[in-house]
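*Asks:* First the structure, then my questions, so here it is.
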Amino acid sequence: MKAIRKYWYLLPSLFLFFLLYGIVSCHNRLAADDYFYLALTRKGGAWYAMSYQYHWFCGRWMAHLLACTGLRFAHWPFFFPVFHFLNLGLLYIGFRQLLKKMLPANPAQGVYALVFCLLLYFASYSIAETWFWYIAVCTYLWSIIALLFLFNELLSTGFGALRLFLLIFVCLFTGGAAESYAVLSLLSVLLLAAYILTRFKKGKRQRLILVKSAIALLFLTISFSITMLAQGTSNRELTLPVVTTGAGLLMQFKVLALLLLKLSPARLPYLMLFGFPFFFLASAIPDKPWWRQPFGVFMLRISLLLILVLFILLLPTTFSMYDIAPGRALSFCSLAFCLYSCTFYIWLGKKFHLLQQHKSIQYLYLFVSAAVLIYHVVTQYTLTSVYAKQYNTRMALLNEHNRQQTPAALALAPLPPSGMLYWEEIKTDTSFYVNQQLKMGLKLKFSIYLLEKP
């Protein structure tokens, strides 16, 4: 309650964020690859679906196993709201536990964990793919959640049977989900272990962290090896370009420039707005020489650090795809930008700490953030509600046509824009993969194609 009274000006934006998130979640529907996995799950269960993909096209065994298990409940009316708020809750717990370790005596940990979730949401390069495409959420967003829980366990002081189980589980999931994220997770644990070895004396807590890191590396490696040794992974690699080291490095610089100069500027206003609350948190951060640097030196250092981190984060996908990763696979880059924004505002808060208690600044943030979020609430309600209604009409039409056992192909009108929801439309070509996936998922006895506009 103390944090709520002190940070009252943050509550309207958090309430509107929950409202926005709830509206979009309630109107979410299965899309594209979801129907393919739904068809496999209906045919032989979650294990069969995972095994099929493992042997034919994709070795992400843990992500697929859990995702297909969840698809068994996709027909429930409130499946997506429950699913999405569960994800948000786990993300919140992960951030809050880390904040508790950094600010153990500060009561605002919960409020700022929610603020960081809000910041990450709008910093995403594709909100639709990152937060609302079912199969992508189970791969990429869950990998971020797993990494948060992994580091919480590595840095915790306890180590019982339950903590050991959780540590092993998140390592198995991370290694069996997105390959690039698994590589980055392995590197992160190695860096943590190296940091503990070189910067601290080997006390009881340091030895515990090293033991946990060794266990984490073991199970991350085992799970990642299972993924990479899959026949499906080998088959998938055949569809990707062969990249030499020189060509890969050249493309890496192009991808980094594309990310910084073309994709990121659209996220900048949201990073500036929703990162601003960390200006008020600066007084709770321990005062160290890092925060006393001149502005130019400080910005140069954190900017160079950001570029280095982005370079490392982009490496795995650049060398595998020879192109920039899709929006859903750039979540770690969004996370890096969020940390950059928070660090910048904490420095400002340290320099201008007297302004933190000015009511005018607090009211300014309250009104600007509320205005932006109200706009998104109204816009997304309009777009997603119309989309969901037309989607339901299309599904009813397909099911009715299927019951009539009409063999003729059926032409479908295009669906309206889906807003922050992910949707990939079918094409006029009945053999297009999205057409085929929808046909498989609904067990249609006829082909479907998109009605051409006159």
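Note on naming: chains are A, B, ... as they come in the structure tokens, residues start from 1 per chain, ligands start from 1 in the order shown.
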Show which residues sit within 10 Å of Leu99 of chain A, as a count of residues only. Count only C-alpha atoms, and ignore same-chain residues fewer than 2 positions away.
*Replies:* 16
*Asks:* List as a PyMOL selection string the protein and nucleic acid residues near Ser180 of chain A, meaning an atom at most 7 Å away when only C-alpha atoms are counted, but skip any in the same chain fewer than 2 places from it.
*Replies:* chain A and resi 178+182-184+316-317
*Asks:* May I have the residues within 9 Å of segment 253-256 of chain A as a PyMOL selection string, using only C-alpha atoms and disregarding those fewer than 5 positions away in the same chain?
*Replies:* chain A and resi 248+261+307+310-311+314+318+323-325
*Asks:* Now that the selection is made, can you save its residues with C-alpha atoms as a PDB file, in the first residue's frame?
*Replies:*
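Wrote it out as result_26.pdb, contents follow:
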```pdb
ATOM      1  CA  GLY A 248      27.740 -13.479 -42.435  1.00  0.00           C
ATOM      2  CA  LEU A 261      17.981   3.066 -38.247  1.00  0.00           C
ATOM      3  CA  ILE A 307      25.291  -1.664 -29.751  1.00  0.00           C
ATOM      4  CA  LEU A 310      22.573  -5.952 -29.988  1.00  0.00           C
ATOM      5  CA  PHE A 311      25.421  -7.195 -32.166  1.00  0.00           C
ATOM      6  CA  LEU A 314      21.569 -10.684 -33.621  1.00  0.00           C
ATOM      7  CA  THR A 318      21.883 -13.577 -38.951  1.00  0.00           C
ATOM      8  CA  ASP A 323      18.639 -11.855 -42.932  1.00  0.00           C
ATOM      9  CA  ILE A 324      17.156  -9.952 -40.018  1.00  0.00           C
ATOM     10  CA  ALA A 325      15.029 -12.078 -37.703  1.00  0.00           C
TER      11      ALA A 325
END
```
*Asks:* At most 10 Å is the cut-off: for each residue in segment 90-154 of chain A with any atom that close to an atom of segment 423-436 of chain A, write down the nearest atom pair and the distance in Å rounded to one decimal, counting only C-alpha atoms, chain first then increasing number, as a Markdown table.
*Replies:*
```
| residue | atom | partner | partner_atom | distance |
| --- | --- | --- | --- | --- |
| A:Ala128 | CA | A:Trp423 | CA | 8.2 |
| A:Glu129 | CA | A:Trp423 | CA | 9.0 |
| A:Phe132 | CA | A:Trp423 | CA | 9.6 |
| A:Trp133 | CA | A:Trp423 | CA | 8.1 |
```
*Asks:* Give me the residues near Gln405 of chain A as JSON, numbers by chain, where near means some atom within 12 Å (using only C-alpha atoms) and where sequence neighbours in that chain fewer than 6 positions away do not count.
*Replies:* {"A": [398, 399, 443, 444, 445, 446, 447]}
*Asks:* Which one of A:Gln53, A:Thr41, A:Thr174, A:Gln293 sits closest to Leu348 of chain A if you count only C-alpha atoms?
*Replies:*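 Ranked by minimum distance to Leu348 of chain A, first place goes to A:Gln293.
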*Asks:* Which residues, written as a VMD selection string, have at least one atom at most 12 Å from Arg60 of chain A, with only C-alpha atoms counted and residues fewer than 6 positions away on the same chain left out?
*Replies:* chain A and resid 49 to 54 66 to 68 135 to 136 138 to 140 143 172 to 182 223 to 233 236
*Asks:* Store the residues picked out above in a file with N, CA and C atoms, as an mmCIF file, in the first residue's frame.
*Replies:*
```cif
data_model
loop_
_atom_site.group_PDB
_atom_site.id
_atom_site.type_symbol
_atom_site.label_atom_id
_atom_site.label_comp_id
_atom_site.auth_asym_id
_atom_site.auth_seq_id
_atom_site.Cartn_x
_atom_site.Cartn_y
_atom_site.Cartn_z
ATOM 1 N N ALA A 49 2.389 -34.812 -31.978
ATOM 2 C CA ALA A 49 2.625 -33.566 -32.702
ATOM 3 C C ALA A 49 4.077 -33.123 -32.571
ATOM 4 N N MET A 50 4.610 -33.190 -31.342
ATOM 5 C CA MET A 50 6.010 -32.833 -31.128
ATOM 6 C C MET A 50 6.931 -33.761 -31.893
ATOM 7 N N SER A 51 6.653 -35.064 -31.810
ATOM 8 C CA SER A 51 7.495 -36.060 -32.470
ATOM 9 C C SER A 51 7.482 -35.892 -33.992
ATOM 10 N N TYR A 52 6.312 -35.580 -34.527
ATOM 11 C CA TYR A 52 6.191 -35.374 -35.981
ATOM 12 C C TYR A 52 7.085 -34.222 -36.430
ATOM 13 N N GLN A 53 6.986 -33.089 -35.746
ATOM 14 C CA GLN A 53 7.811 -31.944 -36.104
ATOM 15 C C GLN A 53 9.287 -32.232 -35.852
ATOM 16 N N TYR A 54 9.583 -32.946 -34.767
ATOM 17 C CA TYR A 54 10.960 -33.250 -34.407
ATOM 18 C C TYR A 54 11.652 -34.047 -35.519
ATOM 19 N N LEU A 66 4.791 -28.512 -25.010
ATOM 20 C CA LEU A 66 3.951 -27.720 -24.121
ATOM 21 C C LEU A 66 2.876 -26.966 -24.904
ATOM 22 N N ALA A 67 3.234 -26.432 -26.066
ATOM 23 C CA ALA A 67 2.263 -25.690 -26.874
ATOM 24 C C ALA A 67 1.127 -26.601 -27.332
ATOM 25 N N CYS A 68 1.467 -27.793 -27.784
ATOM 26 C CA CYS A 68 0.440 -28.721 -28.260
ATOM 27 C C CYS A 68 -0.400 -29.262 -27.107
ATOM 28 N N ILE A 135 1.639 -20.004 -31.075
ATOM 29 C CA ILE A 135 2.807 -20.878 -31.193
ATOM 30 C C ILE A 135 4.102 -20.093 -31.017
ATOM 31 N N ALA A 136 4.115 -18.818 -31.431
ATOM 32 C CA ALA A 136 5.306 -17.980 -31.254
ATOM 33 C C ALA A 136 5.489 -17.600 -29.792
ATOM 34 N N CYS A 138 4.632 -19.379 -27.250
ATOM 35 C CA CYS A 138 5.124 -20.582 -26.567
ATOM 36 C C CYS A 138 6.595 -20.859 -26.862
ATOM 37 N N THR A 139 7.150 -20.185 -27.843
ATOM 38 C CA THR A 139 8.550 -20.381 -28.194
ATOM 39 C C THR A 139 9.429 -19.237 -27.706
ATOM 40 N N TYR A 140 9.065 -18.018 -28.067
ATOM 41 C CA TYR A 140 9.948 -16.878 -27.823
ATOM 42 C C TYR A 140 9.661 -16.161 -26.502
ATOM 43 N N SER A 143 10.578 -18.237 -23.705
ATOM 44 C CA SER A 143 12.037 -18.332 -23.525
ATOM 45 C C SER A 143 12.551 -17.187 -22.664
ATOM 46 N N LEU A 172 15.741 -27.077 -19.425
ATOM 47 C CA LEU A 172 15.271 -27.986 -20.471
ATOM 48 C C LEU A 172 14.383 -27.253 -21.466
ATOM 49 N N PHE A 173 13.518 -26.357 -20.961
ATOM 50 C CA PHE A 173 12.649 -25.619 -21.871
ATOM 51 C C PHE A 173 13.466 -24.683 -22.757
ATOM 52 N N THR A 174 14.362 -23.916 -22.153
ATOM 53 C CA THR A 174 15.139 -22.942 -22.922
ATOM 54 C C THR A 174 15.950 -23.626 -24.012
ATOM 55 N N GLY A 175 16.557 -24.756 -23.690
ATOM 56 C CA GLY A 175 17.333 -25.480 -24.686
ATOM 57 C C GLY A 175 16.480 -26.146 -25.744
ATOM 58 N N GLY A 176 15.211 -26.389 -25.424
ATOM 59 C CA GLY A 176 14.308 -27.059 -26.368
ATOM 60 C C GLY A 176 13.303 -26.134 -26.993
ATOM 61 N N ALA A 177 13.587 -24.827 -27.016
ATOM 62 C CA ALA A 177 12.689 -23.863 -27.648
ATOM 63 C C ALA A 177 13.440 -23.176 -28.790
ATOM 64 N N ALA A 178 13.462 -21.856 -28.801
ATOM 65 C CA ALA A 178 14.131 -21.120 -29.879
ATOM 66 C C ALA A 178 15.641 -21.324 -29.807
ATOM 67 N N GLU A 179 16.231 -21.786 -30.925
ATOM 68 C CA GLU A 179 17.649 -22.121 -30.923
ATOM 69 C C GLU A 179 18.531 -20.918 -30.607
ATOM 70 N N SER A 180 18.222 -19.766 -31.214
ATOM 71 C CA SER A 180 19.052 -18.576 -30.985
ATOM 72 C C SER A 180 18.974 -18.134 -29.531
ATOM 73 N N TYR A 181 17.795 -18.243 -28.919
ATOM 74 C CA TYR A 181 17.651 -17.870 -27.516
ATOM 75 C C TYR A 181 18.386 -18.846 -26.612
ATOM 76 N N ALA A 182 18.426 -20.112 -27.016
ATOM 77 C CA ALA A 182 19.166 -21.105 -26.233
ATOM 78 C C ALA A 182 20.657 -20.790 -26.232
ATOM 79 N N SER A 223 19.558 -30.318 -23.410
ATOM 80 C CA SER A 223 18.328 -29.985 -24.118
ATOM 81 C C SER A 223 18.618 -29.382 -25.497
ATOM 82 N N PHE A 224 19.598 -28.490 -25.554
ATOM 83 C CA PHE A 224 19.954 -27.870 -26.832
ATOM 84 C C PHE A 224 20.508 -28.917 -27.806
ATOM 85 N N SER A 225 21.253 -29.880 -27.290
ATOM 86 C CA SER A 225 21.774 -30.955 -28.150
ATOM 87 C C SER A 225 20.639 -31.792 -28.721
ATOM 88 N N ILE A 226 19.633 -32.083 -27.897
ATOM 89 C CA ILE A 226 18.467 -32.828 -28.379
ATOM 90 C C ILE A 226 17.796 -32.059 -29.519
ATOM 91 N N THR A 227 17.711 -30.741 -29.368
ATOM 92 C CA THR A 227 17.112 -29.905 -30.415
ATOM 93 C C THR A 227 17.938 -29.936 -31.687
ATOM 94 N N MET A 228 19.230 -29.731 -31.559
ATOM 95 C CA MET A 228 20.083 -29.603 -32.750
ATOM 96 C C MET A 228 20.321 -30.931 -33.446
ATOM 97 N N LEU A 229 20.216 -32.046 -32.718
ATOM 98 C CA LEU A 229 20.437 -33.363 -33.327
ATOM 99 C C LEU A 229 19.179 -33.928 -33.984
ATOM 100 N N ALA A 230 18.078 -33.196 -33.906
ATOM 101 C CA ALA A 230 16.820 -33.665 -34.496
ATOM 102 C C ALA A 230 16.919 -33.710 -36.020
ATOM 103 N N GLN A 231 16.276 -34.717 -36.607
ATOM 104 C CA GLN A 231 16.219 -34.792 -38.059
ATOM 105 C C GLN A 231 15.457 -33.596 -38.626
ATOM 106 N N GLY A 232 14.462 -33.148 -37.871
ATOM 107 C CA GLY A 232 13.706 -31.973 -38.308
ATOM 108 C C GLY A 232 14.576 -30.736 -38.392
ATOM 109 N N THR A 233 15.514 -30.579 -37.454
ATOM 110 C CA THR A 233 16.437 -29.442 -37.497
ATOM 111 C C THR A 233 17.315 -29.520 -38.733
ATOM 112 N N ARG A 236 15.262 -28.639 -41.748
ATOM 113 C CA ARG A 236 14.997 -27.204 -41.790
ATOM 114 C C ARG A 236 16.219 -26.438 -42.266
#
```
*Asks:* Sort by chain and increasing residue number a table of all residues of segment 70-171 of chain A within 10 Å of segment 8-13 of chain A, each with its closest pair of atoms and their distance in Å to one decimal, counting only C-alpha atoms, and write it as CSV.
*Replies:*
```
residue,atom,partner,partner_atom,distance
A:Val111,CA,A:Leu10,CA,8.1
A:Tyr112,CA,A:Leu10,CA,9.1
A:Leu114,CA,A:Leu10,CA,9.9
A:Val115,CA,A:Leu10,CA,8.0
A:Leu118,CA,A:Ser13,CA,8.8
```
*Asks:* Write out as a ChimeraX atom specification which residues come within 10 Å of Arg207 of chain A when counting only C-alpha atoms, dropping same-chain ones fewer than 4 positions away.
*Replies:* /A:193,196-197,201-203,211-213
*Asks:* Can those selected residues be exported to a file as a short mmCIF file (atom, residue, chain, number, x, y, z; two decimals), in the first residue's frame so that it contains N, CA and C atoms?
*Replies:*
```cif
data_model
loop_
_atom_site.label_atom_id
_atom_site.label_comp_id
_atom_site.auth_asym_id
_atom_site.auth_seq_id
_atom_site.Cartn_x
_atom_site.Cartn_y
_atom_site.Cartn_z
N ALA A 193 28.92 -17.07 -14.55
CA ALA A 193 29.89 -17.90 -13.83
C ALA A 193 31.29 -17.29 -13.88
N ILE A 196 31.44 -14.27 -11.50
CA ILE A 196 31.55 -14.70 -10.10
C ILE A 196 32.96 -15.19 -9.78
N LEU A 197 33.56 -15.93 -10.71
CA LEU A 197 34.90 -16.48 -10.49
C LEU A 197 35.96 -15.40 -10.42
N LYS A 201 35.37 -13.22 -4.03
CA LYS A 201 35.99 -14.30 -3.28
C LYS A 201 35.01 -15.47 -3.18
N LYS A 202 35.54 -16.65 -3.10
CA LYS A 202 34.70 -17.85 -3.12
C LYS A 202 34.08 -18.11 -1.75
N GLY A 203 33.05 -17.33 -1.43
CA GLY A 203 32.30 -17.55 -0.22
C GLY A 203 31.21 -18.59 -0.46
N VAL A 211 27.75 -23.71 -8.44
CA VAL A 211 27.18 -25.06 -8.52
C VAL A 211 25.89 -25.03 -9.37
N LYS A 212 25.04 -24.05 -9.09
CA LYS A 212 23.80 -23.93 -9.87
C LYS A 212 24.10 -23.65 -11.34
N SER A 213 25.11 -22.82 -11.59
CA SER A 213 25.48 -22.51 -12.98
C SER A 213 25.96 -23.76 -13.70
#
```
*Asks:* Using the chain letters and numbers from this document, which residues of segment 164-264 of chain A does DSSP assign to helix (DSSP H, G or I), as a PyMOL selection string?
*Replies:* chain A and resi 164-175+179-199+204-228+231-237+245-263
